[in-house]
Structures are given as C-alpha cells and as structure tokens.
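For reference, upload.txt (compact mmCIF, C-alpha atoms (C1' of nucleotides)):
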```txt
# COMPACT_ATOMS: atom_id res chain seq x y z
CA MET A 1 114.11 80.24 128.17
CA ALA A 2 117.75 81.19 128.37
CA THR A 3 118.86 78.20 126.31
CA PRO A 4 119.36 78.86 122.64
CA SER A 5 116.34 78.08 120.53
CA PRO A 6 116.42 74.56 119.06
CA ARG A 7 115.82 76.12 115.69
CA SER A 8 118.54 78.64 115.11
CA SER A 9 118.64 81.00 112.19
CA PRO A 10 120.19 79.70 109.00
CA LYS A 11 123.46 81.58 108.84
CA PRO A 12 124.97 83.21 111.90
CA SER A 13 126.81 86.32 110.81
CA GLY A 14 128.22 89.55 112.15
CA LEU A 15 124.80 90.81 113.09
CA ASP A 16 124.39 87.99 115.52
CA CYS A 17 126.98 89.63 117.72
CA ARG A 18 124.29 91.88 119.05
CA LEU A 19 122.05 88.91 119.61
CA ALA A 20 124.76 87.09 121.54
CA VAL A 21 125.69 90.13 123.57
CA LEU A 22 122.12 90.82 124.53
CA GLY A 23 121.42 87.18 125.27
CA THR A 24 118.00 87.31 123.71
CA ASP A 25 116.21 84.40 122.17
CA ALA A 26 115.29 86.36 119.09
CA ARG A 27 115.60 84.39 115.92
CA LEU A 28 117.10 86.31 113.07
CA THR A 29 115.48 84.94 109.98
CA PRO A 30 116.68 86.34 106.66
CA HIS A 31 113.94 88.94 106.47
CA ARG A 32 114.40 90.10 110.03
CA ARG A 33 118.09 90.33 109.36
CA GLU A 34 117.54 92.45 106.27
CA VAL A 35 115.14 94.78 108.03
CA PHE A 36 117.58 95.15 110.87
CA GLN A 37 120.47 95.77 108.50
CA ALA A 38 118.53 98.36 106.52
CA LEU A 39 117.76 100.16 109.75
CA ALA A 40 121.30 99.91 111.07
CA GLU A 41 122.63 101.43 107.85
CA SER A 42 120.43 104.52 108.00
CA ASN A 43 121.28 107.47 110.15
CA ASP A 44 117.98 109.15 109.62
CA HIS A 45 115.09 107.59 111.47
CA PRO A 46 113.15 105.68 108.88
CA THR A 47 109.49 104.80 108.95
CA ALA A 48 108.20 101.29 108.37
CA TYR A 49 107.45 102.28 104.81
CA ASP A 50 110.95 103.70 104.25
CA LEU A 51 112.40 100.39 105.38
CA PHE A 52 109.96 98.46 103.24
CA ALA A 53 111.16 100.40 100.19
CA LYS A 54 114.79 99.86 101.08
CA VAL A 55 114.53 96.15 101.79
CA LYS A 56 112.47 95.66 98.66
CA GLU A 57 115.51 96.53 96.55
CA ARG A 58 117.23 93.37 97.72
CA SER A 59 114.16 91.24 98.37
CA PRO A 60 111.49 92.37 95.96
CA SER A 61 108.98 89.88 97.28
CA ILE A 62 108.85 91.18 100.84
CA SER A 63 105.54 92.63 101.96
CA LEU A 64 104.84 95.65 104.12
CA ALA A 65 103.09 93.38 106.60
CA THR A 66 106.27 91.39 107.01
CA VAL A 67 108.28 94.54 107.59
CA TYR A 68 105.83 95.44 110.35
CA ASN A 69 106.11 91.94 111.78
CA CYS A 70 109.89 92.09 111.73
CA LEU A 71 109.97 95.54 113.35
CA GLU A 72 107.59 94.36 116.03
CA HIS A 73 109.74 91.30 116.68
CA LEU A 74 112.97 93.27 116.77
CA THR A 75 111.44 95.88 119.05
CA THR A 76 110.02 93.44 121.58
CA HIS A 77 113.35 91.64 121.68
CA GLY A 78 115.14 94.87 122.39
CA LEU A 79 117.24 94.92 119.24
CA ILE A 80 115.86 98.22 118.01
CA ARG A 81 113.81 101.10 119.36
CA GLN A 82 110.53 102.42 118.11
CA VAL A 83 110.16 106.17 118.40
CA GLN A 84 107.02 108.22 118.24
CA LEU A 85 107.96 111.82 117.53
CA GLU A 86 104.62 113.10 116.39
CA ARG A 87 101.23 111.98 115.30
CA GLY A 88 101.18 109.44 112.53
CA GLN A 89 103.98 107.23 111.37
CA SER A 90 106.27 105.59 113.88
CA ARG A 91 109.98 105.80 113.31
CA TYR A 92 112.65 103.28 114.16
CA CYS A 93 116.14 103.52 115.47
CA ALA A 94 118.96 101.00 115.77
CA ASN A 95 120.99 103.16 118.13
CA LEU A 96 120.54 101.50 121.49
CA HIS A 97 122.84 103.81 123.37
CA GLU A 98 121.01 106.05 125.77
CA HIS A 99 120.08 109.07 123.75
CA VAL A 100 117.38 111.58 123.03
CA HIS A 101 115.89 112.63 119.72
CA PHE A 102 116.05 116.16 118.50
CA HIS A 103 113.36 116.80 115.94
CA CYS A 104 113.62 119.82 113.66
CA GLU A 105 110.11 121.13 113.11
CA THR A 106 111.20 122.98 109.99
CA CYS A 107 112.99 120.35 107.92
CA GLY A 108 111.75 117.27 109.76
CA LYS A 109 115.23 115.92 110.38
CA VAL A 110 115.85 113.85 113.48
CA ILE A 111 119.20 114.05 115.24
CA ASP A 112 120.40 111.76 118.01
CA ALA A 113 121.78 113.67 120.96
CA HIS A 114 123.71 111.95 123.69
CA PRO A 115 123.50 112.90 127.32
CA ALA A 116 126.40 114.25 129.31
CA ALA A 117 128.28 111.61 131.25
CA ASP A 118 126.83 112.58 134.62
CA PHE A 119 123.25 112.60 133.45
CA ASP A 120 121.03 110.59 135.76
CA PRO A 121 117.48 111.26 134.64
CA ALA A 122 115.77 109.28 137.38
CA LYS A 123 116.74 111.68 140.09
CA PHE A 124 115.29 114.75 138.40
CA TRP A 125 111.68 113.73 138.41
CA ASN A 126 109.72 113.09 141.54
CA LEU A 127 108.08 109.83 140.58
CA PRO A 128 105.82 108.21 143.17
CA ALA A 129 107.57 105.68 145.40
CA GLY A 130 107.49 102.14 144.06
CA THR A 131 107.45 103.19 140.42
CA LYS A 132 109.58 101.06 138.15
CA VAL A 133 111.08 102.65 135.06
CA THR A 134 111.73 100.48 132.04
CA ARG A 135 112.50 103.06 129.41
CA MET A 136 112.36 106.75 128.61
CA ASP A 137 111.47 108.51 125.43
CA ILE A 138 112.81 111.99 125.29
CA ALA A 139 111.96 114.09 122.28
CA ILE A 140 113.18 117.64 121.92
CA HIS A 141 111.43 119.73 119.30
CA GLY A 142 112.80 122.89 117.79
CA THR A 143 114.82 124.22 114.88
CA CYS A 144 118.14 122.77 113.82
CA SER A 145 121.09 125.03 113.21
CA ALA A 146 120.86 124.72 109.41
CA CYS A 147 117.24 125.87 109.41
CA THR A 148 117.97 128.61 111.93
CA ASP A 149 120.68 129.98 109.63
CA LYS A 150 118.37 130.06 106.63
CA SER A 151 115.73 132.17 108.35
CA MET B 1 98.86 140.63 115.93
CA ALA B 2 99.10 141.49 119.58
CA THR B 3 95.91 143.55 119.57
CA PRO B 4 92.78 141.75 120.67
CA SER B 5 90.75 140.33 117.85
CA PRO B 6 87.93 142.62 116.72
CA ARG B 7 85.62 139.68 117.20
CA SER B 8 85.92 138.58 120.79
CA SER B 9 84.24 135.51 122.26
CA PRO B 10 80.67 135.95 123.47
CA LYS B 11 81.05 135.70 127.21
CA PRO B 12 84.36 136.30 128.90
CA SER B 13 84.54 133.99 131.91
CA GLY B 14 86.98 132.47 134.34
CA LEU B 15 88.56 130.42 131.62
CA ASP B 16 89.65 133.53 129.86
CA CYS B 17 92.08 134.20 132.65
CA ARG B 18 94.45 131.83 130.99
CA LEU B 19 93.90 133.55 127.72
CA ALA B 20 94.62 136.95 129.23
CA VAL B 21 97.65 135.69 131.09
CA LEU B 22 99.08 134.05 128.03
CA GLY B 23 98.27 137.01 125.84
CA THR B 24 97.26 134.87 122.92
CA ASP B 25 94.79 135.88 120.29
CA ALA B 26 92.88 132.63 120.56
CA ARG B 27 89.16 133.06 120.39
CA LEU B 28 87.27 130.92 122.82
CA THR B 29 84.04 130.05 121.11
CA PRO B 30 81.53 128.02 123.14
CA HIS B 31 82.70 124.72 121.72
CA ARG B 32 86.34 125.47 122.24
CA ARG B 33 85.54 126.53 125.74
CA GLU B 34 83.69 123.30 126.43
CA VAL B 35 86.45 121.15 125.03
CA PHE B 36 88.97 123.04 127.08
CA GLN B 37 86.88 122.74 130.23
CA ALA B 38 86.32 119.02 129.74
CA LEU B 39 90.06 118.58 129.40
CA ALA B 40 90.87 120.79 132.37
CA GLU B 41 88.50 118.77 134.55
CA SER B 42 90.10 115.42 133.78
CA ASN B 43 93.21 114.30 135.50
CA ASP B 44 93.72 111.32 133.27
CA HIS B 45 94.99 112.18 129.81
CA PRO B 46 91.98 111.83 127.56
CA THR B 47 92.00 111.08 123.88
CA ALA B 48 90.08 113.14 121.34
CA TYR B 49 87.36 110.53 121.47
CA ASP B 50 87.16 110.61 125.27
CA LEU B 51 86.66 114.35 125.13
CA PHE B 52 84.12 114.02 122.36
CA ALA B 53 82.09 111.66 124.57
CA LYS B 54 82.36 113.97 127.54
CA VAL B 55 81.45 117.18 125.71
CA LYS B 56 78.59 115.40 123.97
CA GLU B 57 76.81 115.08 127.30
CA ARG B 58 76.39 118.83 127.47
CA SER B 59 76.32 119.58 123.76
CA PRO B 60 74.85 116.52 122.05
CA SER B 61 75.20 118.05 118.63
CA ILE B 62 78.97 118.43 118.66
CA SER B 63 80.85 116.36 116.12
CA LEU B 64 84.13 114.55 116.47
CA ALA B 65 85.52 116.68 113.67
CA THR B 66 84.81 119.80 115.71
CA VAL B 67 86.51 118.32 118.75
CA TYR B 68 89.58 117.71 116.60
CA ASN B 69 89.38 121.26 115.27
CA CYS B 70 89.09 122.67 118.77
CA LEU B 71 91.99 120.59 120.07
CA GLU B 72 94.10 121.68 117.13
CA HIS B 73 93.24 125.31 117.76
CA LEU B 74 93.87 125.10 121.50
CA THR B 75 97.16 123.31 120.92
CA THR B 76 98.52 125.74 118.36
CA HIS B 77 97.60 128.62 120.65
CA GLY B 78 99.46 127.04 123.52
CA LEU B 79 96.45 126.56 125.77
CA ILE B 80 96.84 122.80 126.00
CA ARG B 81 99.44 120.18 125.16
CA GLN B 82 99.13 117.25 122.86
CA VAL B 83 101.01 114.19 124.03
CA GLN B 84 101.98 111.16 122.03
CA LEU B 85 102.81 108.35 124.41
CA GLU B 86 102.58 105.46 122.05
CA ARG B 87 101.40 104.47 118.64
CA GLY B 88 97.83 105.36 117.83
CA GLN B 89 95.63 107.85 119.61
CA SER B 90 97.03 111.16 120.75
CA ARG B 91 96.28 112.28 124.26
CA TYR B 92 95.78 115.78 125.55
CA CYS B 93 96.77 117.57 128.68
CA ALA B 94 95.74 120.91 130.18
CA ASN B 95 98.63 120.98 132.63
CA LEU B 96 100.98 123.53 131.17
CA HIS B 97 103.49 123.39 133.99
CA GLU B 98 106.74 121.83 132.96
CA HIS B 99 106.26 118.16 133.59
CA VAL B 100 106.92 114.72 132.24
CA HIS B 101 104.50 111.87 131.66
CA PHE B 102 104.87 108.58 133.40
CA HIS B 103 103.03 105.87 131.51
CA CYS B 104 102.24 102.60 133.26
CA GLU B 105 102.57 99.84 130.69
CA THR B 106 100.45 97.50 132.79
CA CYS B 107 97.32 99.52 133.56
CA GLY B 108 97.78 102.24 130.96
CA LYS B 109 97.50 105.05 133.48
CA VAL B 110 99.39 108.27 132.85
CA ILE B 111 100.78 110.24 135.75
CA ASP B 112 102.22 113.74 135.58
CA ALA B 113 105.56 114.01 137.29
CA HIS B 114 107.14 117.33 138.04
CA PRO B 115 110.83 117.96 137.84
CA ALA B 116 112.96 118.87 140.79
CA ALA B 117 113.48 122.60 141.22
CA ASP B 118 117.04 122.59 139.95
CA PHE B 119 116.28 120.62 136.81
CA ASP B 120 117.75 122.26 133.73
CA PRO B 121 117.32 119.75 130.94
CA ALA B 122 119.07 121.75 128.26
CA LYS B 123 122.47 121.35 129.81
CA PHE B 124 122.35 117.56 129.94
CA TRP B 125 122.20 116.87 126.25
CA ASN B 126 124.88 117.89 123.85
CA LEU B 127 122.80 119.43 121.13
CA PRO B 128 124.65 120.85 118.13
CA ALA B 129 125.46 124.55 118.41
CA GLY B 130 122.78 126.82 117.00
CA THR B 131 119.93 124.49 117.82
CA LYS B 132 116.81 126.17 119.11
CA VAL B 133 114.56 124.25 121.48
CA THR B 134 110.86 125.07 121.51
CA ARG B 135 109.49 122.20 123.58
CA MET B 136 110.34 118.83 125.03
CA ASP B 137 108.28 115.71 125.33
CA ILE B 138 109.51 113.41 128.00
CA ALA B 139 107.74 110.12 128.45
CA ILE B 140 108.81 107.60 131.04
CA HIS B 141 107.47 104.11 130.61
CA GLY B 142 107.32 101.49 133.31
CA THR B 143 105.11 100.04 136.01
CA CYS B 144 103.28 102.17 138.55
CA SER B 145 103.45 101.31 142.23
CA ALA B 146 99.90 99.89 142.32
CA CYS B 147 100.67 97.44 139.52
CA THR B 148 104.04 96.59 141.02
CA ASP B 149 102.33 95.67 144.30
CA LYS B 150 99.83 93.38 142.60
CA SER B 151 102.46 91.24 140.91
C1' DC C 1 114.94 60.73 102.55
C1' DC C 2 110.13 61.88 103.35
C1' DA C 3 106.43 63.47 106.48
C1' DT C 4 105.20 66.36 110.13
C1' DT C 5 105.03 70.37 112.69
C1' DC C 6 105.39 74.98 113.76
C1' DA C 7 106.79 79.48 112.82
C1' DA C 8 107.49 82.89 109.23
C1' DT C 9 105.58 85.02 105.52
C1' DT C 10 102.19 86.68 102.39
C1' DA C 11 98.29 89.50 100.24
C1' DG C 12 94.55 91.68 101.00
C1' DA C 13 90.81 92.95 103.94
C1' DA C 14 89.62 95.40 108.00
C1' DT C 15 90.14 98.73 111.48
C1' DC C 16 91.33 102.82 113.66
C1' DA C 17 92.60 107.59 114.09
C1' DT C 18 92.76 111.57 111.80
C1' DT C 19 92.14 114.91 108.10
C1' DC C 20 89.85 116.85 104.28
C1' DC C 21 85.94 118.91 101.96
C1' DA C 22 81.94 121.16 100.71
C1' DA C 23 77.81 122.84 102.61
C1' DT C 24 75.63 125.14 106.43
C1' DT C 25 75.27 128.00 110.46
C1' DC C 26 76.57 131.52 113.41
C1' DT C 27 78.50 136.11 114.99
C1' DA C 28 79.53 140.70 114.64
C1' DA C 29 79.94 144.73 112.13
C1' DT C 30 77.94 147.39 108.53
C1' DA D 1 68.43 143.19 107.63
C1' DT D 2 72.90 142.17 104.87
C1' DT D 3 77.21 140.74 104.43
C1' DA D 4 81.63 138.69 105.42
C1' DG D 5 84.32 135.66 107.61
C1' DA D 6 85.05 132.08 110.75
C1' DA D 7 83.16 128.02 113.09
C1' DT D 8 80.85 123.95 112.68
C1' DT D 9 78.96 120.01 110.57
C1' DG D 10 78.60 115.16 108.53
C1' DG D 11 80.45 112.29 105.66
C1' DA D 12 83.93 110.88 102.63
C1' DA D 13 88.79 110.08 102.13
C1' DT D 14 93.25 109.04 103.65
C1' DG D 15 97.02 106.94 105.91
C1' DA D 16 99.02 103.88 109.17
C1' DT D 17 98.69 99.80 111.26
C1' DT D 18 96.73 95.33 112.47
C1' DC D 19 94.23 91.21 111.52
C1' DT D 20 93.16 86.94 109.09
C1' DA D 21 93.42 83.01 106.59
C1' DA D 22 96.19 80.66 103.41
C1' DT D 23 100.87 79.44 101.91
C1' DT D 24 105.65 78.59 102.32
C1' DG D 25 109.73 76.95 104.35
C1' DA D 26 112.96 74.88 107.63
C1' DA D 27 114.27 71.44 110.91
C1' DT D 28 113.14 67.21 113.34
C1' DG D 29 111.43 62.47 113.89
C1' DG D 30 110.37 58.44 111.64
```
Final structure tokens representation of the file:
Amino acid sequence: MATPSPRSSPKPSGLDCRLAVLGTDARLTPHRREVFQALAESNDHPTAYDLFAKVKERSPSISLATVYNCLEHLTTHGLIRQVQLERGQSRYCANLHEHVHFHCETCGKVIDAHPAADFDPAKFWNLPAGTKVTRMDIAIHGTCSACTDKS
Amino acid sequence: MATPSPRSSPKPSGLDCRLAVLGTDARLTPHRREVFQALAESNDHPTAYDLFAKVKERSPSISLATVYNCLEHLTTHGLIRQVQLERGQSRYCANLHEHVHFHCETCGKVIDAHPAADFDPAKFWNLPAGTKVTRMDIAIHGTCSACTDKS
DNA sequence: CCATTCAATTAGAATCATTCCAATTCTAAT
DNA sequence: ATTAGAATTGGAATGATTCTAATTGAATGG
C-alpha cells in the first residue's frame, strides 16, 4: 500500500522526515523511534545489545527482544542497515549513504568510508546477465592509522 | 619461521602444491587435508556443517569440533577464505583468486564473480591516510537470473 | 464512552552456531 | 619403547538470535 497507514504513530516528529522522504509505510512507534534515535546518535556501529543498553537508560522497561524486533522492522523498511563484519554479533548503521565499512582488526573500530564520486561498482564485476543487484556490503579489513602508528 | 616445520605432514601430495606455492608453515594433517579437499571440490559455498557431513562419509569418526578447528587453521594460514554473507552460519571458500560473492536472496545460491582486469578497489574509497588494508569482503545481494526469469 | 480488534511488546524458553575444555590419541624424534 | 607436543575428540558451555504465548496498548466502530 502506498497510502498512509490508517493507524499512524502517536507523535510525528523530526525523525518522520526520513519516513516521509522514503515513502515507506513503516510505523514509528515510540520504541522503534527510540531505537532508531539511539542508532542515529552513535557514530560507532553498535550491536543490538549496545542499543538495548542505551535505550534502556530512557526506557528501563524495554526488552532485548523488542530491540531485535525494532531493528528487524527498521531494517526491512530500509530505515537502517544491518552489517555483518565478522562472525557473531550483527552491527547496525543509520548511515544510508552509499558507503563501505573499514574494520580495524586491531582495535575493532569501524569507520565509514565513502566512495569517490565516479565510483560505479556494478561495472567492475562481471555478473551473469540478468542478475539484479539490490544491495552491496563492502567490508575492508585492516589496521587503522592510529593502530599502525602504535606498532 | 620460514623454515619448514620439523614435523611435516605424513604424505606430501598434490594438495601440498598450494602449501609450497604459498610458503606457509601450515601442516596438512589427514583431517585438515580432507576438509580442504571437500571444500575445494564444492562450488557452492558450504557451511562448517555441510563440510562436516561431507567429510564424515570418508572419515565417519570426525567430529564437528575438529572440522571447526581445521577450518580455523586453514583460514589463518591463508589456504581458504571464510565468508560471512548474512547472519548466522559462516561459509567457506577455497577460491583464493580475488573475487566477490553474489548472493541470491531468493534461492540462496552464492556465485563467485571476478573483477574486471583494471579493477583497483583501493582507489575508489577515501580511506583515512595511514590505513593498511589486509583483505576485502565484497558481498553483492540480489536476485540471480534464474530466479528473475521465474517471477 | 466503552468494547473490539490488531499490532506491539514482553519475558523467558528454545534454538542454532560456535567455542571452550579436559581427556585421549597420534606422530615423530629421542 | 619413551617422551613431548600437537591434533583430535565428545560433551559442556556460551553467546546471539529467534520463537512463543501471554499481555498491553492504541484507534476504531458501536
């Protein structure tokens, strides 16, 4: 459905801008809003548990299961990205601009790196004809400059 | 150590070519050899459990823990790659040529795609100065041509 | 304004993949 | 043969995520 849901979220606010722009039918309930906000405020790439801890400060009653539900909802509605940098915990990212993740294997830090203006990834890989690309996950592993300096 | 280990594997065979070429000090014990061979023979991207099932046919006594140990050993010695396409199970890949993984979200199939000859990924992303890159994981998600045709 | 309905939320159990651990086995050199 | 060290084992433990069933809450129709 492209029409707005009959049951809209309680209080439209600044965060709904993204909703409106994207034209999704995602409903931003208070919890979803808080999870989204917590993610948007972090420039590291938090795990579900990190976000749980952060949201809990404001809403002590929230459960980890709800955080997972919210993240799932936000991800499938394209409001956030889920990133899988290594085995184990997934990480989340509110930066929807096309970017890649640099992961420092020494300190664990994750840095967003943006592609040069003329970057057109599709033309560099010889995908079979008829293949449709919906998204790309590009993870670059190495050592960040701070860790390189230390060693 | 660059010198060969004092304790070499029992029977040098064709598989050791890779070892020799790569100049690693990995020891290919029978189990490690079998796990490697099972992986090298598959063109899908098997999980640890897939490989466990396959190796079990020849060596019924092998345990899943050993398969994990072998995969860990082979990965850290650069003989195979571990790929993380989505949440959950890791997949493994014996193709060491520079390539990206195309993952069909409909049928789950994973296809290796090789970059065009002039592809130089490093220059497309503006990584901070001093950053050292050791490896890149590039996963492209979408729909393969077979699944596109069906719909 | 109250009842109904449906989704959101919850806690805790269950599952799944992976890792850890302690005991055993194997290999190669002494 | 004996020893030392690594490989292997099974099973327990862990950690992340998902499932389930019950509860809550909001908006709509009566």
Shell around DT24 (chain C) at 12 Å using only C-alpha atoms (C1' of nucleotides), local window under 5 positions removed, as a PyMOL selection string:
chain D and resi 7-10
Spatial neighbours of region 1-9 of chain C, max dist 9 Å, only C-alpha atoms (C1' of nucleotides), sep filter under 3 positions, as a list in words
Thr29, Ile62, Ser63, Ala65 and Thr66 of chain A; DT23, DT24, DG25, DT28, DG29 and DG30 of chain D
For chain B, work out the contacting residues on chain A at 10 Å, counting only C-alpha atoms, and write them as a ChimeraX atom specification.
/A:82-90,99-105,111-149
Set the distance at 8 Å and use all atoms listed in the file: which residues neighbour Ala40 (chain B) once local chain neighbours fewer than 2 positions away are removed? I'd like the list as a list in words.
Phe36, Gln37, Ala38, Ser42, Asn43, Cys93, Ala94 and Asn95 of chain B
What is the CA of Ala53 (chain A)-CA of Leu74 (chain A) distance in Å, reported with one decimal?
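Between these atoms lies a distance of 18.1 Å.
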Distance criterion (all atoms listed in the file): nearest to DA14 (chain C) out of D:DG5, D:DT14, D:DT20, D:DA26:
D:DT20
Near chain B, meaning an atom within 12 Å, which residues of chain C appear when counting all atoms listed in the file? Write them as a ChimeraX atom specification.
/C:15-21,26-29
Select, as an MDAnalysis selection string, those residues of chain D with any atom no more than 9 Å from chain A (distances computed using all atoms listed in the file).
chainID D and resid 15:18 26:27
Interatomic distance, CA of Leu39 (chain B) to CA of Arg81 (chain B) (Å, one decimal):
10.4 Å
Fill-in result for region 133-144 of chain A, all heavy atoms as an mmCIF file, keeping the file's coordinate frame:
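The result, written out as result.cif:
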```
data_model
loop_
_atom_site.group_PDB
_atom_site.id
_atom_site.type_symbol
_atom_site.label_atom_id
_atom_site.label_comp_id
_atom_site.auth_asym_id
_atom_site.auth_seq_id
_atom_site.Cartn_x
_atom_site.Cartn_y
_atom_site.Cartn_z
ATOM 1 N N VAL A 133 110.875 102.061 136.385
ATOM 2 C CA VAL A 133 111.080 102.650 135.060
ATOM 3 C C VAL A 133 111.723 101.625 134.144
ATOM 4 O O VAL A 133 112.734 101.018 134.498
ATOM 5 C CB VAL A 133 111.984 103.899 135.157
ATOM 6 C CG1 VAL A 133 112.338 104.417 133.773
ATOM 7 C CG2 VAL A 133 111.297 104.983 135.968
ATOM 8 N N THR A 134 111.117 101.408 132.997
ATOM 9 C CA THR A 134 111.730 100.480 132.040
ATOM 10 C C THR A 134 112.418 101.205 130.895
ATOM 11 O O THR A 134 113.429 100.752 130.397
ATOM 12 C CB THR A 134 110.707 99.487 131.466
ATOM 13 O OG1 THR A 134 109.637 100.216 130.892
ATOM 14 C CG2 THR A 134 110.157 98.591 132.557
ATOM 15 N N ARG A 135 111.833 102.323 130.474
ATOM 16 C CA ARG A 135 112.500 103.060 129.410
ATOM 17 C C ARG A 135 111.999 104.491 129.386
ATOM 18 O O ARG A 135 110.922 104.788 129.911
ATOM 19 C CB ARG A 135 112.292 102.394 128.053
ATOM 20 C CG ARG A 135 110.926 102.590 127.486
ATOM 21 C CD ARG A 135 110.634 101.624 126.352
ATOM 22 N NE ARG A 135 109.214 101.535 126.126
ATOM 23 C CZ ARG A 135 108.530 102.366 125.355
ATOM 24 N NH1 ARG A 135 109.153 103.320 124.688
ATOM 25 N NH2 ARG A 135 107.238 102.268 125.224
ATOM 26 N N MET A 136 112.751 105.354 128.738
ATOM 27 C CA MET A 136 112.360 106.750 128.610
ATOM 28 C C MET A 136 112.430 107.176 127.161
ATOM 29 O O MET A 136 113.355 106.806 126.459
ATOM 30 C CB MET A 136 113.293 107.621 129.423
ATOM 31 C CG MET A 136 113.153 107.379 130.917
ATOM 32 S SD MET A 136 114.000 108.662 131.800
ATOM 33 C CE MET A 136 115.578 108.562 130.995
ATOM 34 N N ASP A 137 111.437 107.937 126.769
ATOM 35 C CA ASP A 137 111.470 108.510 125.430
ATOM 36 C C ASP A 137 111.542 110.006 125.583
ATOM 37 O O ASP A 137 110.608 110.627 126.080
ATOM 38 C CB ASP A 137 110.186 108.168 124.668
ATOM 39 C CG ASP A 137 110.188 106.737 124.187
ATOM 40 O OD1 ASP A 137 111.300 106.201 124.004
ATOM 41 O OD2 ASP A 137 109.108 106.169 124.016
ATOM 42 N N ILE A 138 112.641 110.559 125.153
ATOM 43 C CA ILE A 138 112.810 111.990 125.290
ATOM 44 C C ILE A 138 112.931 112.607 123.914
ATOM 45 O O ILE A 138 113.849 112.294 123.163
ATOM 46 C CB ILE A 138 114.045 112.305 126.158
ATOM 47 C CG1 ILE A 138 113.841 111.664 127.535
ATOM 48 C CG2 ILE A 138 114.240 113.809 126.263
ATOM 49 C CD1 ILE A 138 114.941 111.921 128.516
ATOM 50 N N ALA A 139 111.960 113.435 123.579
ATOM 51 C CA ALA A 139 111.960 114.090 122.280
ATOM 52 C C ALA A 139 112.043 115.587 122.497
ATOM 53 O O ALA A 139 111.286 116.143 123.279
ATOM 54 C CB ALA A 139 110.699 113.737 121.505
ATOM 55 N N ILE A 140 113.004 116.202 121.817
ATOM 56 C CA ILE A 140 113.180 117.640 121.920
ATOM 57 C C ILE A 140 112.823 118.235 120.573
ATOM 58 O O ILE A 140 113.379 117.846 119.555
ATOM 59 C CB ILE A 140 114.633 117.984 122.295
ATOM 60 C CG1 ILE A 140 114.995 117.260 123.593
ATOM 61 C CG2 ILE A 140 114.819 119.471 122.427
ATOM 62 C CD1 ILE A 140 116.424 117.447 124.016
ATOM 63 N N HIS A 141 111.874 119.144 120.559
ATOM 64 C CA HIS A 141 111.430 119.730 119.300
ATOM 65 C C HIS A 141 111.953 121.159 119.195
ATOM 66 O O HIS A 141 112.040 121.876 120.186
ATOM 67 C CB HIS A 141 109.910 119.742 119.238
ATOM 68 C CG HIS A 141 109.289 118.390 119.365
ATOM 69 N ND1 HIS A 141 108.870 117.651 118.284
ATOM 70 C CD2 HIS A 141 109.055 117.620 120.444
ATOM 71 C CE1 HIS A 141 108.374 116.499 118.702
ATOM 72 N NE2 HIS A 141 108.473 116.457 120.016
ATOM 73 N N GLY A 142 112.298 121.541 117.987
ATOM 74 C CA GLY A 142 112.800 122.890 117.790
ATOM 75 C C GLY A 142 113.256 123.101 116.365
ATOM 76 O O GLY A 142 112.678 122.548 115.433
ATOM 77 N N THR A 143 114.283 123.906 116.209
ATOM 78 C CA THR A 143 114.820 124.220 114.880
ATOM 79 C C THR A 143 116.299 123.883 114.871
ATOM 80 O O THR A 143 117.029 124.300 115.772
ATOM 81 C CB THR A 143 114.644 125.724 114.581
ATOM 82 O OG1 THR A 143 113.338 126.133 114.987
ATOM 83 C CG2 THR A 143 114.825 126.009 113.114
ATOM 84 N N CYS A 144 116.722 123.137 113.877
ATOM 85 C CA CYS A 144 118.140 122.770 113.820
ATOM 86 C C CYS A 144 118.963 123.967 113.350
ATOM 87 O O CYS A 144 118.413 124.938 112.830
ATOM 88 C CB CYS A 144 118.347 121.563 112.922
ATOM 89 S SG CYS A 144 118.161 121.898 111.163
#
```
